>>> print(open('protein29.txt').read())   # compact mmCIF, C-alpha atoms and all ligand atoms
# COMPACT_ATOMS: atom_id res chain seq x y z
CA MET A 1 -14.03 -26.78 -24.58
CA LEU A 2 -13.85 -28.65 -21.27
CA ILE A 3 -15.23 -32.20 -21.31
CA GLY A 4 -15.85 -34.06 -18.07
CA ASN A 5 -18.61 -36.00 -16.32
CA ARG A 6 -21.95 -34.38 -17.03
CA LEU A 7 -24.32 -33.99 -14.13
CA GLN A 8 -27.78 -32.64 -13.57
CA LEU A 9 -27.99 -30.41 -10.50
CA GLN A 10 -30.87 -28.95 -8.49
CA LEU A 11 -30.60 -25.76 -6.44
CA LYS A 12 -31.10 -26.47 -2.73
CA GLU A 13 -29.78 -23.41 -0.89
CA LYS A 14 -28.87 -19.87 -1.71
CA ARG A 15 -27.62 -17.08 0.55
CA TYR A 16 -25.57 -13.91 0.42
CA ILE A 17 -22.29 -14.36 2.29
CA SER A 18 -21.17 -10.79 1.50
CA PRO A 19 -22.93 -7.85 -0.11
CA ARG A 20 -21.71 -8.92 -3.58
CA SER A 21 -21.24 -12.66 -3.16
CA LEU A 22 -23.87 -15.38 -3.37
CA GLU A 23 -23.23 -18.89 -2.06
CA LEU A 24 -25.25 -21.52 -3.94
CA THR A 25 -25.60 -25.18 -3.06
CA TYR A 26 -26.81 -27.63 -5.68
CA SER A 27 -27.54 -31.31 -5.16
CA SER A 28 -26.84 -34.15 -7.55
CA MET A 29 -28.46 -37.60 -7.90
CA GLU A 30 -25.01 -39.04 -8.60
CA PRO A 31 -22.04 -38.94 -6.21
CA LEU A 32 -20.19 -35.74 -7.01
CA ARG A 33 -16.51 -36.59 -6.62
CA TYR A 34 -13.86 -33.92 -6.65
CA ILE A 35 -10.47 -33.04 -5.25
CA PRO A 36 -10.48 -29.91 -3.05
CA GLY A 37 -9.29 -26.99 -5.18
CA GLN A 38 -11.03 -28.06 -8.41
CA PHE A 39 -13.87 -26.39 -10.28
CA PHE A 40 -17.00 -27.28 -12.26
CA SER A 41 -18.39 -25.74 -15.44
CA LEU A 42 -22.06 -24.87 -15.17
CA ASN A 43 -24.39 -24.58 -18.17
CA PHE A 44 -27.42 -22.36 -17.90
CA THR A 45 -30.02 -20.92 -20.25
CA THR A 46 -31.39 -17.39 -20.29
CA GLU A 47 -33.55 -15.57 -22.82
CA LYS A 48 -30.25 -14.57 -24.52
CA GLY A 49 -29.18 -18.19 -25.11
CA GLU A 50 -27.09 -20.93 -23.50
CA PHE A 51 -23.98 -20.06 -21.54
CA THR A 52 -21.23 -21.82 -19.62
CA ARG A 53 -19.28 -20.40 -16.70
CA SER A 54 -16.80 -22.06 -14.36
CA TYR A 55 -16.91 -21.94 -10.55
CA SER A 56 -14.54 -23.29 -7.92
CA ILE A 57 -15.90 -25.84 -5.51
CA ALA A 58 -16.34 -24.31 -2.05
CA ASN A 59 -17.51 -27.56 -0.38
CA CYS A 60 -15.56 -28.55 2.68
CA ASP A 61 -16.69 -32.18 2.99
CA PHE A 62 -15.37 -34.91 5.18
CA ASP A 63 -16.23 -37.68 2.71
CA ILE A 64 -15.61 -36.44 -0.81
CA GLN A 65 -16.30 -39.91 -2.25
CA THR A 66 -19.97 -40.00 -1.22
CA ASN A 67 -20.68 -36.29 -1.49
CA ARG A 68 -23.72 -35.33 -3.59
CA SER A 69 -23.65 -31.58 -3.30
CA LEU A 70 -21.83 -28.73 -5.00
CA THR A 71 -21.41 -25.41 -3.21
CA PHE A 72 -19.87 -22.48 -5.00
CA VAL A 73 -19.68 -18.73 -4.59
CA ILE A 74 -20.30 -16.19 -7.32
CA THR A 75 -19.21 -12.61 -6.88
CA LEU A 76 -21.84 -10.73 -8.86
CA VAL A 77 -20.81 -8.40 -11.66
CA GLU A 78 -23.13 -5.80 -13.16
CA HIS A 79 -25.13 -7.12 -16.14
CA GLY A 80 -23.17 -10.38 -16.04
CA LYS A 81 -25.04 -13.26 -17.64
CA ALA A 82 -24.25 -15.77 -14.89
CA SER A 83 -24.57 -13.05 -12.25
CA ASP A 84 -28.13 -12.29 -13.37
CA TYR A 85 -29.00 -15.95 -13.80
CA PHE A 86 -27.83 -17.05 -10.33
CA LYS A 87 -29.22 -13.94 -8.63
CA ASN A 88 -32.68 -14.88 -9.92
CA ALA A 89 -32.37 -18.69 -9.73
CA MET A 90 -35.19 -20.26 -7.73
CA ILE A 91 -34.78 -23.05 -5.20
CA GLY A 92 -35.59 -26.28 -7.08
CA SER A 93 -34.35 -25.00 -10.47
CA GLU A 94 -32.06 -27.30 -12.45
CA ILE A 95 -28.85 -26.80 -14.40
CA SER A 96 -26.29 -29.12 -15.92
CA ALA A 97 -22.64 -29.19 -14.98
CA SER A 98 -19.45 -30.84 -16.13
CA GLY A 99 -16.30 -31.52 -14.22
CA PRO A 100 -14.46 -31.61 -11.97
CA PHE A 101 -11.54 -29.83 -13.63
CA GLY A 102 -8.36 -28.10 -12.53
CA ASN A 103 -5.00 -28.72 -11.02
CA LEU A 104 -5.05 -26.31 -8.08
CA ILE A 105 -4.81 -29.26 -5.71
CA LEU A 106 -2.57 -30.25 -2.84
CA PRO A 107 0.33 -32.60 -3.56
CA ARG A 108 0.76 -35.90 -1.71
CA GLN A 109 4.02 -34.66 -0.20
CA ASP A 110 3.88 -31.35 1.66
CA PRO A 111 6.53 -28.68 1.12
CA GLN A 112 7.91 -26.89 4.19
CA ARG A 113 5.42 -24.11 3.62
CA TYR A 114 2.30 -23.42 1.57
CA ILE A 115 1.70 -19.84 0.49
CA LEU A 116 -1.96 -19.66 -0.55
CA ILE A 117 -2.95 -16.42 -2.26
CA ALA A 118 -6.43 -15.38 -3.38
CA THR A 119 -8.45 -12.43 -4.50
CA GLY A 120 -12.23 -12.28 -4.10
CA ALA A 121 -14.05 -15.57 -4.65
CA GLY A 122 -10.63 -17.10 -5.37
CA ILE A 123 -10.56 -17.96 -1.66
CA THR A 124 -13.11 -20.77 -2.18
CA PRO A 125 -10.63 -23.47 -3.32
CA TYR A 126 -8.74 -22.98 -0.04
CA ARG A 127 -12.00 -23.20 1.89
CA SER A 128 -12.56 -26.51 0.13
CA MET A 129 -9.09 -27.65 1.29
CA LEU A 130 -9.64 -26.60 4.89
CA ASN A 131 -10.25 -30.05 6.45
CA GLU A 132 -7.29 -31.52 4.58
CA LEU A 133 -5.06 -28.61 5.62
CA LYS A 134 -6.07 -29.06 9.28
CA LYS A 135 -5.26 -32.76 9.04
CA ARG A 136 -1.85 -32.10 7.52
CA LEU A 137 -1.00 -29.43 10.11
CA ALA A 138 -1.94 -31.85 12.90
CA LEU A 139 0.27 -34.60 11.43
CA ASN A 140 3.28 -32.44 10.59
CA GLU A 141 4.53 -29.98 13.20
CA GLN A 142 7.03 -28.49 10.75
CA LEU A 143 4.41 -27.55 8.17
CA GLU A 144 3.51 -23.88 7.85
CA ILE A 145 0.64 -22.34 5.91
CA LYS A 146 0.26 -18.67 5.00
CA LEU A 147 -3.10 -17.68 3.56
CA ILE A 148 -3.49 -14.21 2.06
CA HIS A 149 -6.86 -12.95 0.90
CA GLY A 150 -7.20 -9.73 -1.10
CA VAL A 151 -10.57 -8.00 -1.22
CA ARG A 152 -11.90 -4.45 -1.50
CA ASP A 153 -12.95 -4.11 2.15
CA PRO A 154 -13.72 -6.23 5.25
CA ASP A 155 -17.30 -6.96 4.11
CA GLU A 156 -15.89 -9.07 1.27
CA LEU A 157 -13.83 -11.46 3.43
CA LEU A 158 -15.59 -14.70 2.49
CA TYR A 159 -15.47 -17.49 5.12
CA ARG A 160 -13.44 -15.19 7.38
CA ASP A 161 -14.65 -16.82 10.62
CA GLU A 162 -13.49 -20.27 9.53
CA PHE A 163 -10.02 -19.05 8.59
CA ARG A 164 -9.72 -16.89 11.71
CA ALA A 165 -10.70 -19.85 13.89
CA LEU A 166 -7.89 -21.97 12.41
CA HIS A 167 -5.46 -19.04 12.78
CA ALA A 168 -6.41 -18.83 16.50
CA GLU A 169 -6.05 -22.54 17.21
CA GLN A 170 -3.07 -23.44 14.99
CA PRO A 171 0.14 -21.39 15.40
CA ASN A 172 1.46 -22.64 12.04
CA PHE A 173 -1.53 -21.28 10.13
CA GLU A 174 -1.50 -17.55 9.39
CA TYR A 175 -4.44 -15.73 7.83
CA THR A 176 -3.90 -12.24 6.43
CA ALA A 177 -6.49 -9.98 4.80
CA CYS A 178 -5.43 -7.27 2.34
CA TYR A 179 -7.84 -4.45 1.56
CA SER A 180 -7.59 -2.40 -1.63
CA ARG A 181 -10.18 0.12 -0.41
CA ALA A 182 -9.95 0.22 3.38
CA SER A 183 -7.14 1.39 5.64
CA ASP A 184 -8.73 2.49 8.94
CA ASP A 185 -8.86 0.64 12.27
CA LEU A 186 -7.01 -2.40 10.97
CA LYS A 187 -6.70 -5.45 13.23
CA ALA A 188 -3.52 -7.52 13.55
CA PHE A 189 -4.49 -9.82 10.65
CA GLU A 190 -5.43 -6.96 8.33
CA ARG A 191 -3.35 -4.85 5.91
CA ALA A 192 -4.05 -1.98 3.53
CA GLY A 193 -2.98 -2.72 -0.05
CA TYR A 194 -2.86 -5.54 -2.56
CA VAL A 195 -1.85 -9.14 -1.85
CA THR A 196 1.36 -8.56 -3.83
CA SER A 197 2.58 -6.12 -1.15
CA GLU A 198 2.77 -9.07 1.31
CA PHE A 199 5.25 -11.11 -0.73
CA GLU A 200 8.43 -9.41 0.53
CA ARG A 201 7.43 -10.02 4.16
CA LEU A 202 7.02 -13.76 3.50
CA LYS A 203 10.46 -14.09 1.88
CA PRO A 204 9.48 -16.99 -0.42
CA VAL A 205 12.14 -19.59 -1.09
CA GLU A 206 12.08 -21.80 -4.17
CA GLY A 207 12.59 -25.43 -3.13
CA GLU A 208 10.94 -24.86 0.27
CA ASP A 209 7.63 -23.18 -0.53
CA MET A 210 4.70 -24.11 -2.73
CA VAL A 211 2.74 -21.11 -3.95
CA TYR A 212 -0.94 -21.22 -4.96
CA LEU A 213 -2.64 -18.34 -6.77
CA CYS A 214 -6.36 -18.07 -7.41
CA GLY A 215 -8.61 -15.27 -8.60
CA HIS A 216 -8.32 -12.10 -10.64
CA PRO A 217 -6.23 -12.48 -13.85
CA LEU A 218 -4.21 -9.33 -13.17
CA MET A 219 -3.21 -10.48 -9.68
CA ILE A 220 -2.17 -13.86 -11.11
CA ASP A 221 -0.05 -12.28 -13.85
CA GLN A 222 1.72 -9.89 -11.45
CA SER A 223 2.31 -12.65 -8.90
CA VAL A 224 3.60 -15.14 -11.48
CA GLU A 225 6.12 -12.55 -12.64
CA TYR A 226 7.30 -12.05 -9.04
CA PHE A 227 7.64 -15.75 -8.23
CA GLU A 228 9.16 -16.73 -11.58
CA ALA A 229 11.88 -14.15 -10.93
CA LEU A 230 12.64 -16.23 -7.78
CA ASN A 231 12.89 -19.38 -9.97
CA PHE A 232 9.50 -20.83 -9.02
CA SER A 233 8.19 -23.08 -11.83
CA VAL A 234 4.93 -24.92 -12.65
CA ALA A 235 5.85 -27.58 -10.09
CA ASN A 236 5.76 -25.18 -7.14
CA LEU A 237 3.67 -22.31 -8.51
CA LYS A 238 0.08 -23.41 -9.09
CA ARG A 239 -2.56 -21.07 -10.41
CA GLU A 240 -6.24 -20.82 -11.29
CA LYS A 241 -7.04 -17.71 -13.28
CA TYR A 242 -10.65 -16.52 -13.10
CA LEU A 243 -10.71 -15.49 -16.77
CA PHE A 244 -13.83 -13.63 -17.87
CA SER A 245 -15.80 -15.33 -20.62
CA ALA A 246 -15.69 -13.91 -24.14
CA ILE A 247 -19.39 -14.75 -24.72
C1 LIG B 301 -11.53 -21.84 -13.77
C2 LIG B 301 -12.42 -20.68 -13.36
C3 LIG B 301 -13.00 -20.70 -12.10
C4 LIG B 301 -13.80 -19.63 -11.70
N1 LIG B 301 -14.35 -19.66 -10.46
C5 LIG B 301 -15.12 -18.61 -10.04
C6 LIG B 301 -15.68 -18.60 -8.72
O1 LIG B 301 -15.52 -19.55 -7.93
N2 LIG B 301 -16.44 -17.53 -8.37
C7 LIG B 301 -16.65 -16.45 -9.22
O2 LIG B 301 -17.34 -15.49 -8.83
N3 LIG B 301 -16.11 -16.46 -10.47
C8 LIG B 301 -15.39 -17.50 -10.90
N4 LIG B 301 -14.89 -17.51 -12.18
C9 LIG B 301 -15.35 -16.44 -13.12
C10 LIG B 301 -16.73 -16.86 -13.65
O3 LIG B 301 -16.61 -18.01 -14.47
C11 LIG B 301 -17.43 -15.75 -14.45
O4 LIG B 301 -16.53 -15.22 -15.40
C12 LIG B 301 -17.95 -14.61 -13.54
O5 LIG B 301 -18.90 -15.14 -12.61
C13 LIG B 301 -18.64 -13.51 -14.38
O6 LIG B 301 -19.61 -14.14 -15.20
P1 LIG B 301 -20.91 -13.36 -15.69
O7 LIG B 301 -21.55 -14.24 -16.74
O8 LIG B 301 -21.76 -12.91 -14.54
O9 LIG B 301 -20.32 -12.07 -16.39
P2 LIG B 301 -20.12 -11.87 -17.99
O10 LIG B 301 -21.45 -11.84 -18.66
O11 LIG B 301 -19.13 -12.91 -18.46
O12 LIG B 301 -19.43 -10.45 -18.02
C14 LIG B 301 -20.18 -9.25 -17.84
C15 LIG B 301 -19.25 -8.05 -17.74
O13 LIG B 301 -18.53 -8.09 -16.48
C16 LIG B 301 -17.12 -8.09 -16.72
N5 LIG B 301 -16.56 -9.01 -15.71
C17 LIG B 301 -16.71 -10.34 -15.66
N6 LIG B 301 -16.10 -10.86 -14.57
C18 LIG B 301 -15.57 -9.80 -13.92
C19 LIG B 301 -14.81 -9.68 -12.72
N7 LIG B 301 -14.47 -10.74 -11.98
N8 LIG B 301 -14.42 -8.45 -12.36
C20 LIG B 301 -14.74 -7.36 -13.10
N9 LIG B 301 -15.47 -7.41 -14.23
C21 LIG B 301 -15.86 -8.62 -14.64
C22 LIG B 301 -16.94 -8.61 -18.13
O14 LIG B 301 -15.73 -8.14 -18.71
C23 LIG B 301 -18.16 -8.03 -18.83
O15 LIG B 301 -17.95 -6.69 -19.18
C24 LIG B 301 -14.07 -18.55 -12.59
C25 LIG B 301 -13.49 -18.56 -13.87
C26 LIG B 301 -12.68 -19.60 -14.25
C27 LIG B 301 -12.08 -19.59 -15.64
>>> encode(input="protein29.txt", output="structure tokens", more="lines below")
Ligand SMILES: Cc1cc2nc3c(=O)[nH]c(=O)nc-3n(C[C@H](O)[C@H](O)[C@H](O)COP(=O)(O)OP(=O)(O)OC[C@H]3O[C@@H](n4cnc5c(N)ncnc54)[C@H](O)[C@@H]3O)c2cc1C
Amino acid sequence: MLIGNRLQLQLKEKRYISPRSLELTYSSMEPLRYIPGQFFSLNFTTEKGEFTRSYSIANCDFDIQTNRSLTFVITLVEHGKASDYFKNAMIGSEISASGPFGNLILPRQDPQRYILIATGAGITPYRSMLNELKKRLALNEQLEIKLIHGVRDPDELLYRDEFRALHAEQPNFEYTACYSRASDDLKAFERAGYVTSEFERLKPVEGEDMVYLCGHPLMIDQSVEYFEALNFSVANLKREKYLFSAI
């Protein structure tokens, strides 16, 4: 069981950012400190009992020391306990949370290149890192960042406009979308297939690249196998697996 700071949160905003994904913003009375890339565990009660589910922080704050809000995105699954709870949660409702947790965070010292890979809502940790990534790109002309997001179809590309804007303004930032269920009329940044089919193109090099993986357990397992075969280790292959809960 995860043990961290316990916080009481109140729902302030709620909106669909894709047909299956809800963005929720909760506020806290206490400062809600975190490192971009981490997650919180949220405890909620339904008529079936008390449950805990984890969600990555999607906040993209300038001052993470004074921040008092937690934004996260849930991709709804049919008959899911958290999915049903958050779909019906009213503005003003309260839940408790603990955290932050997780090690999917940027190191002090940049590698030559970051390869950031996500499926679905697994893009949110990188959204949380966006201001820091912009800062690092501005300070270090050699730094390159490749961001690859795998989703079913274009409707599911969460925070697409923010990533596309950085791609347009920063030549060292590349944003690629991979669609498992769409292959028509693809734009230059779009591909048909899974994120794993992009790895060969990137030619990852152990010792030069740092690889981040976040999202579906199967994608993480397949990717870890690929990168470990190239001698990547825990130091340069970070991962956050969105494991489904057993209860
Ligand atoms: C560290 C961590 C961070 C996470 N961050 C996020 C996040 O930012 N956003 C997010 O949406 N989720 C995230 N998850 C997953 C999240 O915690 C829940 O598992 C997810 O929201 C489903 O919960 P639920 O209660 O609605 O479904 P449950 O009641 O747990 O499951 C209902 C049914 O749906 C199936 N199911 C559950 N999840 C999926 C899925 N992803 N795909 C297909 N079938 C599924 C289950 O096997 C079960 O049959 C994270 C998980 C971990 C461990």
>>> closest_atom_pairs(input="protein29.txt", of="chain A", to="ligand LIG 301 (chain B)", cutoff="9 Å", atoms="all atoms listed in the file", output="CSV")
residue,atom,partner,partner_atom,distance
A:Ser21,CA,B:LIG301,O2,7.4
A:Leu22,CA,B:LIG301,O2,8.5
A:Gln38,CA,B:LIG301,C1,8.2
A:Phe39,CA,B:LIG301,C3,6.0
A:Phe40,CA,B:LIG301,C3,7.7
A:Ser41,CA,B:LIG301,O3,8.0
A:Leu42,CA,B:LIG301,O3,8.8
A:Phe51,CA,B:LIG301,O7,7.9
A:Thr52,CA,B:LIG301,O3,7.9
A:Arg53,CA,B:LIG301,O3,4.2
A:Ser54,CA,B:LIG301,O3,4.1
A:Tyr55,CA,B:LIG301,N1,3.4
A:Ser56,CA,B:LIG301,O1,3.9
A:Ile57,CA,B:LIG301,O1,6.8
A:Ala58,CA,B:LIG301,O1,7.6
A:Phe72,CA,B:LIG301,O1,6.0
A:Val73,CA,B:LIG301,N2,5.1
A:Ile74,CA,B:LIG301,O2,3.4
A:Thr75,CA,B:LIG301,O2,3.9
A:Leu76,CA,B:LIG301,O8,6.1
A:Val77,CA,B:LIG301,O13,5.3
A:Glu78,CA,B:LIG301,O13,6.1
A:His79,CA,B:LIG301,C14,5.7
A:Gly80,CA,B:LIG301,O8,3.3
A:Lys81,CA,B:LIG301,O7,3.7
A:Ala82,CA,B:LIG301,O7,3.6
A:Ser83,CA,B:LIG301,O8,3.6
A:Asp84,CA,B:LIG301,O8,6.5
A:Tyr85,CA,B:LIG301,O8,7.9
A:Phe86,CA,B:LIG301,O8,8.5
A:Phe101,CA,B:LIG301,C1,8.0
A:Gly102,CA,B:LIG301,C1,7.1
A:Gly120,CA,B:LIG301,O2,7.7
A:Ala121,CA,B:LIG301,N2,4.8
A:Gly122,CA,B:LIG301,O1,6.0
A:Ile123,CA,B:LIG301,O1,8.2
A:Thr124,CA,B:LIG301,O1,6.4
A:Pro125,CA,B:LIG301,O1,7.8
A:Cys214,CA,B:LIG301,C3,8.5
A:Gly215,CA,B:LIG301,C4,7.5
A:His216,CA,B:LIG301,N7,6.4
A:Pro217,CA,B:LIG301,N7,8.6
A:Glu240,CA,B:LIG301,C1,5.9
A:Lys241,CA,B:LIG301,C27,5.9
A:Tyr242,CA,B:LIG301,C25,3.6
A:Leu243,CA,B:LIG301,C27,4.5
A:Phe244,CA,B:LIG301,O4,4.0
A:Ser245,CA,B:LIG301,O11,4.6
A:Ala246,CA,B:LIG301,O11,6.7
A:Ile247,CA,B:LIG301,O11,6.5
>>> write_last_selection(input="protein29.txt", atoms="C-alpha atoms", output="short mmCIF file (atom, residue, chain, number, x, y, z; two decimals), keeping the file's coordinate frame")
data_model
loop_
_atom_site.label_atom_id
_atom_site.label_comp_id
_atom_site.auth_asym_id
_atom_site.auth_seq_id
_atom_site.Cartn_x
_atom_site.Cartn_y
_atom_site.Cartn_z
CA SER A 21 -21.24 -12.66 -3.16
CA LEU A 22 -23.87 -15.38 -3.37
CA GLN A 38 -11.03 -28.06 -8.41
CA PHE A 39 -13.87 -26.39 -10.28
CA PHE A 40 -17.00 -27.28 -12.26
CA SER A 41 -18.39 -25.74 -15.44
CA LEU A 42 -22.06 -24.87 -15.17
CA PHE A 51 -23.98 -20.06 -21.54
CA THR A 52 -21.23 -21.82 -19.62
CA ARG A 53 -19.28 -20.40 -16.70
CA SER A 54 -16.80 -22.06 -14.36
CA TYR A 55 -16.91 -21.94 -10.55
CA SER A 56 -14.54 -23.29 -7.92
CA ILE A 57 -15.90 -25.84 -5.51
CA ALA A 58 -16.34 -24.31 -2.05
CA PHE A 72 -19.87 -22.48 -5.00
CA VAL A 73 -19.68 -18.73 -4.59
CA ILE A 74 -20.30 -16.19 -7.32
CA THR A 75 -19.21 -12.61 -6.88
CA LEU A 76 -21.84 -10.73 -8.86
CA VAL A 77 -20.81 -8.40 -11.66
CA GLU A 78 -23.13 -5.80 -13.16
CA HIS A 79 -25.13 -7.12 -16.14
CA GLY A 80 -23.17 -10.38 -16.04
CA LYS A 81 -25.04 -13.26 -17.64
CA ALA A 82 -24.25 -15.77 -14.89
CA SER A 83 -24.57 -13.05 -12.25
CA ASP A 84 -28.13 -12.29 -13.37
CA TYR A 85 -29.00 -15.95 -13.80
CA PHE A 86 -27.83 -17.05 -10.33
CA PHE A 101 -11.54 -29.83 -13.63
CA GLY A 102 -8.36 -28.10 -12.53
CA GLY A 120 -12.23 -12.28 -4.10
CA ALA A 121 -14.05 -15.57 -4.65
CA GLY A 122 -10.63 -17.10 -5.37
CA ILE A 123 -10.56 -17.96 -1.66
CA THR A 124 -13.11 -20.77 -2.18
CA PRO A 125 -10.63 -23.47 -3.32
CA CYS A 214 -6.36 -18.07 -7.41
CA GLY A 215 -8.61 -15.27 -8.60
CA HIS A 216 -8.32 -12.10 -10.64
CA PRO A 217 -6.23 -12.48 -13.85
CA GLU A 240 -6.24 -20.82 -11.29
CA LYS A 241 -7.04 -17.71 -13.28
CA TYR A 242 -10.65 -16.52 -13.10
CA LEU A 243 -10.71 -15.49 -16.77
CA PHE A 244 -13.83 -13.63 -17.87
CA SER A 245 -15.80 -15.33 -20.62
CA ALA A 246 -15.69 -13.91 -24.14
CA ILE A 247 -19.39 -14.75 -24.72
#
>>> closest_residue(input="protein29.txt", among="A:Asp209, A:Glu156, A:Asp63, A:Glu30", to="Ala97 (chain A)", atoms="all atoms listed in the file")
A:Glu30
>>> atom_distance(input="protein29.txt", atom1="CA of Arg127 (chain A)", atom2="CA of Pro36 (chain A)")
8.5 Å
>>> atom_distance(input="protein29.txt", atom1="CA of Glu162 (chain A)", atom2="CA of Leu130 (chain A)")
8.7 Å
>>> atom_distance(input="protein29.txt", atom1="CA of Leu157 (chain A)", atom2="CA of Met90 (chain A)")
25.7 Å
>>> residues_around(input="protein29.txt", residues="Ile95 (chain A)", least_positions_apart="6", cutoff="8 Å", atoms="all atoms listed in the file", output="ChimeraX atom specification")
/A:8-10,42-44
>>> closest_residue(input="protein29.txt", among="A:Thr196, A:Ser96, A:Thr176, A:Asn236", to="Tyr114 (chain A)", atoms="all atoms listed in the file")
A:Asn236
>>> residues_near_point(input="protein29.txt", point="(2.6, -21.0, 9.1)", cutoff="8 Å", atoms="only C-alpha atoms", output="number ranges by chain")
A: 113-114, 143-146, 171-174
>>> closest_atom_pairs(input="protein29.txt", of="region 152-240 of chain A", to="region 15-18 of chain A", cutoff="12 Å", atoms="all atoms listed in the file", output="Markdown table")
| residue | atom | partner | partner_atom | distance |
| --- | --- | --- | --- | --- |
| A:Arg152 | CA | A:Ser18 | CA | 11.6 |
| A:Asp153 | CA | A:Ser18 | CA | 10.6 |
| A:Pro154 | CA | A:Ser18 | CA | 9.5 |
| A:Asp155 | CA | A:Ser18 | CA | 6.0 |
| A:Glu156 | CA | A:Ser18 | CA | 5.6 |
| A:Leu157 | CA | A:Ser18 | CA | 7.6 |
| A:Leu158 | CA | A:Ile17 | CA | 6.7 |
| A:Tyr159 | CA | A:Ile17 | CA | 8.0 |
| A:Arg160 | CA | A:Ile17 | CA | 10.2 |
| A:Asp161 | CA | A:Ile17 | CA | 11.6 |
>>> closest_residue(input="protein29.txt", among="A:Asp185, A:Glu208, A:Glu198, A:Asp221", to="Arg239 (chain A)", atoms="only C-alpha atoms")
A:Asp221
>>> closest_residue(input="protein29.txt", among="A:Lys187, A:Lys14, A:Arg108, A:Lys87", to="Tyr175 (chain A)", atoms="only C-alpha atoms")
A:Lys187
>>> decode(input="protein29.txt", residues="region 54-77 of chain A", atoms="C-alpha atoms", output="mmCIF file, in the first residue's frame")
data_model
loop_
_atom_site.group_PDB
_atom_site.id
_atom_site.type_symbol
_atom_site.label_atom_id
_atom_site.label_comp_id
_atom_site.auth_asym_id
_atom_site.auth_seq_id
_atom_site.Cartn_x
_atom_site.Cartn_y
_atom_site.Cartn_z
ATOM 1 C CA SER A 54 -3.856 6.148 -9.044
ATOM 2 C CA TYR A 55 -3.709 9.010 -11.559
ATOM 3 C CA SER A 56 -0.792 10.890 -13.071
ATOM 4 C CA ILE A 57 -0.597 14.594 -12.441
ATOM 5 C CA ALA A 58 -1.439 16.527 -15.606
ATOM 6 C CA ASN A 59 -0.814 19.990 -14.074
ATOM 7 C CA CYS A 60 1.601 22.149 -15.982
ATOM 8 C CA ASP A 61 2.335 24.773 -13.311
ATOM 9 C CA PHE A 62 4.952 27.455 -13.250
ATOM 10 C CA ASP A 63 5.307 27.397 -9.456
ATOM 11 C CA ILE A 64 4.995 23.837 -8.232
ATOM 12 C CA GLN A 65 5.906 24.884 -4.671
ATOM 13 C CA THR A 66 2.798 27.033 -4.131
ATOM 14 C CA ASN A 67 0.407 25.058 -6.305
ATOM 15 C CA ARG A 68 -2.879 24.031 -4.659
ATOM 16 C CA SER A 69 -4.558 22.174 -7.468
ATOM 17 C CA LEU A 70 -4.422 18.681 -8.915
ATOM 18 C CA THR A 71 -5.467 18.070 -12.501
ATOM 19 C CA PHE A 72 -5.634 14.564 -13.859
ATOM 20 C CA VAL A 73 -7.196 12.758 -16.791
ATOM 21 C CA ILE A 74 -9.145 9.529 -16.582
ATOM 22 C CA THR A 75 -9.833 7.507 -19.692
ATOM 23 C CA LEU A 76 -13.176 5.928 -18.887
ATOM 24 C CA VAL A 77 -13.587 2.162 -19.012
#
